>>> print(open('start30.txt').read())   # compact mmCIF, C-alpha atoms and all ligand atoms
# COMPACT_ATOMS: atom_id res chain seq x y z
CA MET A 14 -13.41 -16.88 -10.23
CA ASN A 15 -9.65 -16.85 -10.31
CA LEU A 16 -8.58 -14.60 -7.44
CA PRO A 17 -5.22 -12.85 -7.21
CA ASN A 18 -2.74 -13.55 -4.47
CA HIS A 19 -1.69 -9.92 -4.20
CA ILE A 20 -3.52 -6.66 -4.84
CA ALA A 21 -1.83 -3.26 -4.61
CA ILE A 22 -3.65 0.05 -4.38
CA ILE A 23 -2.54 3.65 -4.94
CA MET A 24 -5.14 5.38 -2.79
CA ASP A 25 -5.19 8.71 -4.60
CA GLY A 26 -7.73 11.52 -4.53
CA ASN A 27 -8.26 12.10 -0.81
CA GLY A 28 -7.29 15.75 -1.01
CA ARG A 29 -9.56 16.52 -3.96
CA TRP A 30 -12.44 14.62 -2.32
CA GLY A 31 -12.13 16.68 0.86
CA LYS A 32 -11.72 19.93 -1.03
CA LYS A 33 -14.76 19.28 -3.19
CA LYS A 34 -17.03 18.11 -0.42
CA TYR A 35 -15.97 20.18 2.60
CA ASN A 36 -13.44 22.64 1.17
CA ASN A 37 -10.90 20.88 3.40
CA ARG A 38 -8.27 18.45 2.08
CA LEU A 39 -7.61 17.02 5.53
CA LEU A 40 -11.16 15.70 5.84
CA GLY A 41 -10.45 13.73 2.68
CA HIS A 42 -7.53 11.99 4.35
CA GLU A 43 -9.70 11.24 7.36
CA LYS A 44 -12.38 9.68 5.19
CA GLY A 45 -9.75 7.91 3.08
CA ILE A 46 -8.16 6.07 5.97
CA LYS A 47 -11.60 4.88 7.08
CA ASN A 48 -12.18 3.43 3.63
CA ILE A 49 -9.38 0.89 3.96
CA LYS A 50 -11.17 -1.42 6.39
CA LYS A 51 -13.79 -2.73 3.99
CA ILE A 52 -11.13 -3.61 1.44
CA ILE A 53 -9.23 -5.51 4.14
CA GLU A 54 -12.46 -7.28 5.10
CA TYR A 55 -13.09 -8.21 1.49
CA CYS A 56 -9.57 -9.64 1.10
CA LEU A 57 -10.04 -11.65 4.30
CA SER A 58 -13.40 -12.99 3.14
CA LYS A 59 -12.01 -14.05 -0.25
CA GLU A 60 -8.73 -15.36 1.15
CA ILE A 61 -6.66 -12.92 -0.86
CA SER A 62 -3.42 -13.13 1.11
CA ASN A 63 -1.58 -9.93 0.28
CA LEU A 64 -2.71 -6.33 0.09
CA THR A 65 -0.25 -3.47 -0.45
CA ILE A 66 -1.49 0.08 0.03
CA TYR A 67 0.29 3.32 -0.82
CA ALA A 68 -0.33 5.62 2.13
CA LEU A 69 2.44 8.19 1.74
CA SER A 70 5.25 8.53 -0.76
CA LYS A 71 8.73 9.81 -0.04
CA ASP A 72 7.97 12.72 -2.36
CA ASN A 73 4.80 13.49 -0.39
CA LEU A 74 6.87 13.71 2.78
CA VAL A 75 9.48 15.94 1.19
CA LYS A 76 7.26 18.17 -0.92
CA ARG A 77 3.93 18.62 0.88
CA ASN A 78 3.30 21.15 3.58
CA LYS A 79 4.15 19.97 7.08
CA TYR A 80 0.67 20.66 8.37
CA GLU A 81 -0.88 18.14 5.98
CA ILE A 82 1.86 15.56 6.60
CA ASN A 83 1.58 15.87 10.39
CA ASN A 84 -2.16 15.48 10.10
CA ILE A 85 -1.71 12.26 8.12
CA PHE A 86 0.75 11.00 10.75
CA GLY A 87 -1.82 11.73 13.44
CA LEU A 88 -4.52 9.86 11.55
CA LEU A 89 -2.24 6.88 11.11
CA LYS A 90 -1.36 6.75 14.81
CA LYS A 91 -5.01 6.94 15.78
CA TYR A 92 -5.96 4.31 13.20
CA LEU A 93 -3.41 1.86 14.52
CA GLU A 94 -4.40 2.42 18.13
CA THR A 95 -8.06 1.91 17.31
CA ASN A 96 -7.66 -1.10 15.05
CA ILE A 97 -4.81 -3.14 16.47
CA GLU A 98 -7.19 -5.51 18.26
CA TYR A 99 -9.21 -5.98 15.09
CA PHE A 100 -6.06 -6.86 13.16
CA LYS A 101 -4.99 -9.23 15.89
CA LYS A 102 -8.33 -10.99 15.98
CA ASN A 103 -8.40 -11.37 12.20
CA LYS A 104 -4.76 -12.34 11.83
CA VAL A 105 -3.80 -9.38 9.69
CA LYS A 106 -0.04 -8.94 9.73
CA ILE A 107 1.11 -5.40 9.03
CA ASN A 108 4.36 -4.77 7.27
CA PHE A 109 5.35 -1.11 6.89
CA ILE A 110 7.39 -0.54 3.77
CA GLY A 111 9.44 2.57 3.12
CA GLU A 112 12.17 4.52 4.85
CA LEU A 113 10.84 4.34 8.38
CA ASN A 114 14.12 5.65 9.80
CA LEU A 115 13.34 9.07 8.34
CA LEU A 116 9.96 9.34 10.10
CA PRO A 117 9.52 11.16 13.43
CA SER A 118 10.61 8.80 16.20
CA SER A 119 7.24 8.93 18.01
CA LEU A 120 5.50 7.64 14.88
CA ARG A 121 8.21 5.12 14.08
CA LYS A 122 7.86 3.65 17.57
CA ILE A 123 4.13 3.10 17.07
CA LEU A 124 4.68 1.52 13.65
CA LEU A 125 7.31 -0.89 14.96
CA LEU A 126 5.24 -1.73 18.02
CA SER A 127 2.21 -2.48 15.84
CA GLU A 128 4.27 -4.75 13.61
CA LYS A 129 5.57 -6.54 16.68
CA LYS A 130 2.09 -7.07 18.12
CA LEU A 131 0.91 -8.56 14.82
CA ARG A 132 3.46 -11.28 14.27
CA PHE A 133 1.51 -14.47 13.74
CA LEU A 134 2.45 -18.07 13.19
CA LYS A 135 -0.48 -18.37 10.83
CA LYS A 136 -1.47 -15.06 9.28
CA LYS A 137 -4.46 -14.66 7.02
CA LEU A 138 -3.54 -11.42 5.33
CA THR A 139 -0.27 -9.55 4.94
CA LEU A 140 -1.01 -5.85 4.74
CA ASN A 141 1.95 -3.91 3.38
CA VAL A 142 1.54 -0.23 4.15
CA ALA A 143 3.83 1.99 2.10
CA ILE A 144 4.81 5.05 4.06
CA ASN A 145 7.66 7.36 3.11
CA TYR A 146 8.04 4.87 0.28
CA SER A 147 9.98 5.29 -2.96
CA SER A 148 10.29 2.38 -5.33
CA LYS A 149 13.46 3.81 -6.84
CA ILE A 150 15.08 4.00 -3.40
CA GLU A 151 13.86 0.47 -2.62
CA ILE A 152 15.61 -0.84 -5.75
CA LEU A 153 18.76 1.20 -5.05
CA ASN A 154 18.91 -0.11 -1.49
CA ALA A 155 18.46 -3.68 -2.70
CA MET A 156 21.37 -3.15 -5.07
CA LYS A 157 23.52 -1.70 -2.28
CA LYS A 158 22.82 -4.78 -0.13
CA ILE A 159 23.84 -7.11 -2.95
CA LEU A 160 27.15 -5.26 -3.14
CA LYS A 161 27.57 -5.11 0.63
CA TYR A 162 27.08 -8.86 1.05
CA LYS A 163 29.08 -9.58 -2.10
CA LYS A 164 26.26 -11.49 -3.75
CA LYS A 165 25.83 -12.06 -7.44
CA ILE A 166 23.93 -9.31 -9.20
CA ASN A 167 20.88 -11.13 -10.52
CA ILE A 168 17.09 -10.87 -10.42
CA LYS A 169 16.62 -13.42 -7.66
CA ASN A 170 19.08 -11.74 -5.31
CA LEU A 171 17.73 -8.28 -6.00
CA GLU A 172 14.16 -9.41 -5.35
CA SER A 173 15.22 -11.00 -2.09
CA TYR A 174 15.96 -7.49 -0.78
CA LEU A 175 12.72 -5.84 -1.87
CA PHE A 176 10.28 -4.86 0.87
CA THR A 177 7.55 -6.91 -0.76
CA LYS A 178 9.59 -10.11 -0.80
CA VAL A 179 7.08 -12.03 1.35
CA SER A 180 4.09 -10.98 -0.75
CA GLY A 181 5.44 -11.57 -4.25
CA HIS A 182 4.53 -9.33 -7.16
CA PRO A 183 0.99 -7.95 -7.35
CA GLU A 184 -1.18 -9.39 -10.11
CA ILE A 185 -3.30 -6.24 -9.87
CA ILE A 186 -2.41 -2.60 -9.22
CA ILE A 187 -5.30 -0.17 -8.82
CA ARG A 188 -5.02 3.61 -8.80
CA THR A 189 -8.00 5.73 -7.86
CA GLY A 190 -8.30 9.48 -8.44
CA GLY A 191 -8.10 9.61 -12.21
CA PHE A 192 -4.39 9.78 -12.99
CA LYS A 193 -2.69 7.07 -14.97
CA ARG A 194 0.72 6.88 -13.42
CA LEU A 195 2.60 4.88 -10.80
CA SER A 196 4.19 7.78 -8.87
CA ASP A 197 7.22 5.75 -7.75
CA PHE A 198 5.17 2.77 -6.50
CA LEU A 199 6.31 -0.85 -7.00
CA LEU A 200 8.14 -0.11 -10.25
CA TRP A 201 10.04 -3.40 -10.27
CA GLN A 202 7.16 -5.48 -8.92
CA ALA A 203 4.78 -4.04 -11.55
CA ALA A 204 6.62 -5.70 -14.45
CA TYR A 205 3.62 -7.91 -15.30
CA SER A 206 0.89 -6.44 -13.10
CA GLU A 207 -2.49 -5.68 -14.61
CA LEU A 208 -3.09 -1.95 -14.11
CA PHE A 209 -6.52 -0.54 -13.33
CA PHE A 210 -7.17 3.20 -13.22
CA VAL A 211 -10.38 4.35 -11.58
CA THR A 212 -11.67 7.92 -11.85
CA LYS A 213 -13.36 7.86 -8.44
CA PHE A 214 -11.48 9.46 -5.56
CA TRP A 215 -10.23 6.97 -2.96
CA PRO A 216 -12.87 7.79 -0.28
CA ASP A 217 -15.58 6.86 -2.81
CA PHE A 218 -14.00 3.54 -3.83
CA LYS A 219 -16.29 0.67 -2.81
CA VAL A 220 -16.03 -3.11 -2.56
CA LYS A 221 -18.26 -3.22 -5.63
CA ASP A 222 -15.56 -1.32 -7.58
CA LEU A 223 -13.00 -3.89 -6.49
CA GLU A 224 -15.33 -6.71 -7.52
CA ASN A 225 -15.75 -5.13 -10.95
CA ILE A 226 -11.98 -4.99 -11.31
CA LEU A 227 -11.69 -8.65 -10.33
CA ILE A 228 -14.27 -9.57 -12.97
CA LYS A 229 -12.26 -7.67 -15.60
CA PHE A 230 -9.05 -9.26 -14.33
CA ASN A 231 -10.57 -12.68 -14.89
CA LYS A 232 -11.20 -11.89 -18.53
CA ILE A 233 -7.62 -10.86 -19.24
CA LYS A 234 -5.29 -13.27 -20.95
CA ARG A 235 -1.99 -12.86 -19.19
CA ASN A 236 0.92 -13.74 -21.45
CA PHE A 237 4.14 -13.00 -19.59
CA GLY A 238 5.80 -12.77 -22.98
CA LYS A 239 4.50 -16.11 -24.25
C1 LIG R 301 -3.53 10.45 -1.69
O1 LIG R 301 -4.37 11.51 -1.81
C2 LIG R 301 -3.04 10.29 -0.29
C3 LIG R 301 -1.72 10.89 -0.08
C4 LIG R 301 -0.86 11.23 -1.00
C5 LIG R 301 -1.35 11.12 1.31
P1 LIG R 301 -3.86 12.95 -2.23
O2 LIG R 301 -3.55 13.72 -1.00
O3 LIG R 301 -2.75 12.87 -3.22
O4 LIG R 301 -5.15 13.51 -2.90
P2 LIG R 301 -5.22 14.41 -4.20
O5 LIG R 301 -4.55 13.63 -5.31
O6 LIG R 301 -4.51 15.68 -3.91
O7 LIG R 301 -6.66 14.58 -4.43
C1 LIG R 302 0.74 8.93 -4.88
O1 LIG R 302 -0.15 9.97 -5.00
C2 LIG R 302 0.98 8.64 -3.44
C3 LIG R 302 -0.16 8.12 -2.70
C4 LIG R 302 -1.35 7.88 -3.14
C5 LIG R 302 0.11 7.84 -1.34
P1 LIG R 302 0.31 11.47 -5.29
O2 LIG R 302 -0.91 12.25 -5.29
O3 LIG R 302 1.38 11.87 -4.37
O4 LIG R 302 0.94 11.34 -6.74
P2 LIG R 302 1.22 12.46 -7.80
O5 LIG R 302 2.06 13.51 -7.13
O6 LIG R 302 -0.09 12.99 -8.24
O7 LIG R 302 1.94 11.75 -8.91
MG MG R 303 -2.73 12.80 -5.25
>>> encode(input="start30.txt", output="structure tokens", more="lines below")
Ligand code: IPE
Ligand code: IPE
Ligand code: MG
Amino acid sequence: MNLPNHIAIIMDGNGRWGKKKYNNRLLGHEKGIKNIKKIIEYCLSKEISNLTIYALSKDNLVKRNKYEINNIFGLLKKYLETNIEYFKKNKVKINFIGELNLLPSSLRKILLLSEKKLRFLKKKLTLNVAINYSSKIEILNAMKKILKYKKKINIKNLESYLFTKVSGHPEIIIRTGGFKRLSDFLLWQAAYSELFFVTKFWPDFKVKDLENILIKFNKIKRNFGK
């Protein structure tokens, strides 16, 4: 099987999962964050080198109620504290992508410290975690840097300033939760990605679902305009 180098996932549906099962959206986020590990393990086992996950959009941060956002921040902090040794042992490098400077400083400190602890000479998996992320802002900021450093405005230079520079563009973008949209995620990088929309909510997404997507991916003739 031809495996991708980079998979990206829009982990949508946590809230609805929690609401449906326990009448509590927050429990959906709790279950959702726990669901990430097996996907990481699968990528490690198959030597898929890049995984990008959408954890929180800039619009989520701006438009959702503070109680839910703070709860997600708490879950993230706890997750990092609990799993940092696992990541270290398995050579998973974490790269947070998004406007980290606009996050509460206590959280930002933990994110930066985790990144620092997971700098490897030889990493097995780069895990990009999008938090307070907006693809439109990412592209705008890349453009601003080109102007600031007086570089030529071209594709290569713009891409050199994207957060995902080290991972390249994802061959596959998956969105769980039933909606068929990108919600400001990797708009530039998605130019030739294969898009997969899954009706299951993120907490119910299994390795088997990913395997099914990879089987379908293998049957697709990718043209890139040819
Ligand atoms: C995705 O799940 C995770 C975040 C945006 C934090 P949602 O919270 O959007 O779940 P639904 O779409 O409301 O079910
Ligand atoms: C996108 O999901 C963001 C994440 C999954 C983190 P949303 O639930 O915020 O997207 P919309 O608002 O339905 O487009
Ligand atoms: Mg949603």
>>> atom_distance(input="start30.txt", atom1="atom O4 of ligand LIG 302 (chain R)", atom2="atom CA of A:Ile23")
8.6 Å
>>> atom_distance(input="start30.txt", atom1="atom CA of A:Val142", atom2="atom CA of A:Phe109")
4.8 Å
>>> closest_residue(input="start30.txt", among="A:Ala204, A:Lys221, A:His42, A:Ser173", to="A:Gly28", atoms="all atoms listed in the file")
A:His42
>>> residues_near_ligand(input="start30.txt", ligand="ligand LIG 301 (chain R)", cutoff="6 Å", atoms="all atoms listed in the file", output="ChimeraX atom specification")
/A:24-29,68-69
>>> write_last_selection(input="start30.txt", atoms="C-alpha atoms", output="PDB file, in the coordinates of the input")
ATOM      1  CA  MET A  24      -5.140   5.380  -2.790  1.00  0.00           C
ATOM      2  CA  ASP A  25      -5.190   8.710  -4.600  1.00  0.00           C
ATOM      3  CA  GLY A  26      -7.730  11.520  -4.530  1.00  0.00           C
ATOM      4  CA  ASN A  27      -8.260  12.100  -0.810  1.00  0.00           C
ATOM      5  CA  GLY A  28      -7.290  15.750  -1.010  1.00  0.00           C
ATOM      6  CA  ARG A  29      -9.560  16.520  -3.960  1.00  0.00           C
ATOM      7  CA  ALA A  68      -0.330   5.620   2.130  1.00  0.00           C
ATOM      8  CA  LEU A  69       2.440   8.190   1.740  1.00  0.00           C
TER       9      LEU A  69
END
>>> axis_aligned_box(input="start30.txt", around="stretch 148-165 of chain A", padding_each_side="4 Å", output="lines of an AutoDock Vina configuration file")
center_x = 19.7
center_y = -4.0
center_z = -3.2
size_x = 26.8
size_y = 24.1
size_z = 16.5
>>> decode(input="start30.txt", residues="stretch 190-214 of chain A", atoms="N, CA and C atoms", output="mmCIF file, in the first residue's frame")
data_model
loop_
_atom_site.group_PDB
_atom_site.id
_atom_site.type_symbol
_atom_site.label_atom_id
_atom_site.label_comp_id
_atom_site.auth_asym_id
_atom_site.auth_seq_id
_atom_site.Cartn_x
_atom_site.Cartn_y
_atom_site.Cartn_z
ATOM 1 N N GLY A 190 -17.528 14.195 11.787
ATOM 2 C CA GLY A 190 -18.649 15.003 12.299
ATOM 3 C C GLY A 190 -19.702 15.383 11.277
ATOM 4 N N GLY A 191 -19.493 14.992 10.018
ATOM 5 C CA GLY A 191 -20.583 15.122 9.050
ATOM 6 C C GLY A 191 -20.588 16.343 8.146
ATOM 7 N N PHE A 192 -19.876 17.398 8.512
ATOM 8 C CA PHE A 192 -19.911 18.582 7.644
ATOM 9 C C PHE A 192 -18.813 18.513 6.591
ATOM 10 N N LYS A 193 -19.141 19.068 5.425
ATOM 11 C CA LYS A 193 -18.165 19.034 4.331
ATOM 12 C C LYS A 193 -17.623 20.433 4.102
ATOM 13 N N ARG A 194 -16.772 20.834 5.010
ATOM 14 C CA ARG A 194 -16.139 22.151 4.843
ATOM 15 C C ARG A 194 -14.792 22.130 5.554
ATOM 16 N N LEU A 195 -13.975 23.149 5.240
ATOM 17 C CA LEU A 195 -12.620 23.182 5.805
ATOM 18 C C LEU A 195 -12.504 24.086 7.033
ATOM 19 N N SER A 196 -13.472 24.974 7.235
ATOM 20 C CA SER A 196 -13.475 25.830 8.431
ATOM 21 C C SER A 196 -12.105 26.474 8.711
ATOM 22 N N ASP A 197 -11.551 27.094 7.679
ATOM 23 C CA ASP A 197 -10.303 27.866 7.821
ATOM 24 C C ASP A 197 -9.096 27.008 8.218
ATOM 25 N N PHE A 198 -9.050 25.791 7.693
ATOM 26 C CA PHE A 198 -7.947 24.860 8.006
ATOM 27 C C PHE A 198 -7.127 24.588 6.746
ATOM 28 N N LEU A 199 -5.861 24.852 6.761
ATOM 29 C CA LEU A 199 -4.915 24.491 5.694
ATOM 30 C C LEU A 199 -5.419 24.815 4.285
ATOM 31 N N LEU A 200 -5.924 26.021 4.102
ATOM 32 C CA LEU A 200 -6.543 26.363 2.812
ATOM 33 C C LEU A 200 -5.526 26.339 1.670
ATOM 34 N N TRP A 201 -4.357 26.834 1.932
ATOM 35 C CA TRP A 201 -3.299 26.834 0.904
ATOM 36 C C TRP A 201 -2.784 25.408 0.685
ATOM 37 N N GLN A 202 -2.499 24.758 1.811
ATOM 38 C CA GLN A 202 -1.881 23.420 1.764
ATOM 39 C C GLN A 202 -2.818 22.383 1.149
ATOM 40 N N ALA A 203 -4.129 22.673 1.134
ATOM 41 C CA ALA A 203 -5.121 21.704 0.656
ATOM 42 C C ALA A 203 -5.277 21.706 -0.867
ATOM 43 N N ALA A 204 -4.455 22.485 -1.551
ATOM 44 C CA ALA A 204 -4.640 22.665 -3.000
ATOM 45 C C ALA A 204 -4.879 21.339 -3.736
ATOM 46 N N TYR A 205 -4.088 20.313 -3.405
ATOM 47 C CA TYR A 205 -4.260 19.014 -4.073
ATOM 48 C C TYR A 205 -4.513 17.863 -3.092
ATOM 49 N N SER A 206 -4.945 18.200 -1.889
ATOM 50 C CA SER A 206 -5.221 17.136 -0.919
ATOM 51 C C SER A 206 -6.456 16.348 -1.336
ATOM 52 N N GLU A 207 -6.468 15.079 -0.987
ATOM 53 C CA GLU A 207 -7.680 14.275 -1.141
ATOM 54 C C GLU A 207 -8.510 14.498 0.128
ATOM 55 N N LEU A 208 -9.780 14.850 -0.064
ATOM 56 C CA LEU A 208 -10.619 15.188 1.099
ATOM 57 C C LEU A 208 -11.556 14.034 1.442
ATOM 58 N N PHE A 209 -11.584 13.685 2.705
ATOM 59 C CA PHE A 209 -12.469 12.605 3.168
ATOM 60 C C PHE A 209 -13.367 13.127 4.288
ATOM 61 N N PHE A 210 -14.669 12.991 4.083
ATOM 62 C CA PHE A 210 -15.630 13.457 5.085
ATOM 63 C C PHE A 210 -16.334 12.249 5.698
ATOM 64 N N VAL A 211 -16.251 12.168 7.002
ATOM 65 C CA VAL A 211 -16.765 11.001 7.725
ATOM 66 C C VAL A 211 -17.939 11.474 8.588
ATOM 67 N N THR A 212 -19.030 10.728 8.593
ATOM 68 C CA THR A 212 -20.189 11.186 9.381
ATOM 69 C C THR A 212 -19.992 10.973 10.891
ATOM 70 N N LYS A 213 -19.204 9.984 11.250
ATOM 71 C CA LYS A 213 -18.982 9.718 12.680
ATOM 72 C C LYS A 213 -18.443 10.949 13.394
ATOM 73 N N PHE A 214 -18.826 11.101 14.657
ATOM 74 C CA PHE A 214 -18.224 12.155 15.479
ATOM 75 C C PHE A 214 -16.792 11.735 15.830
#
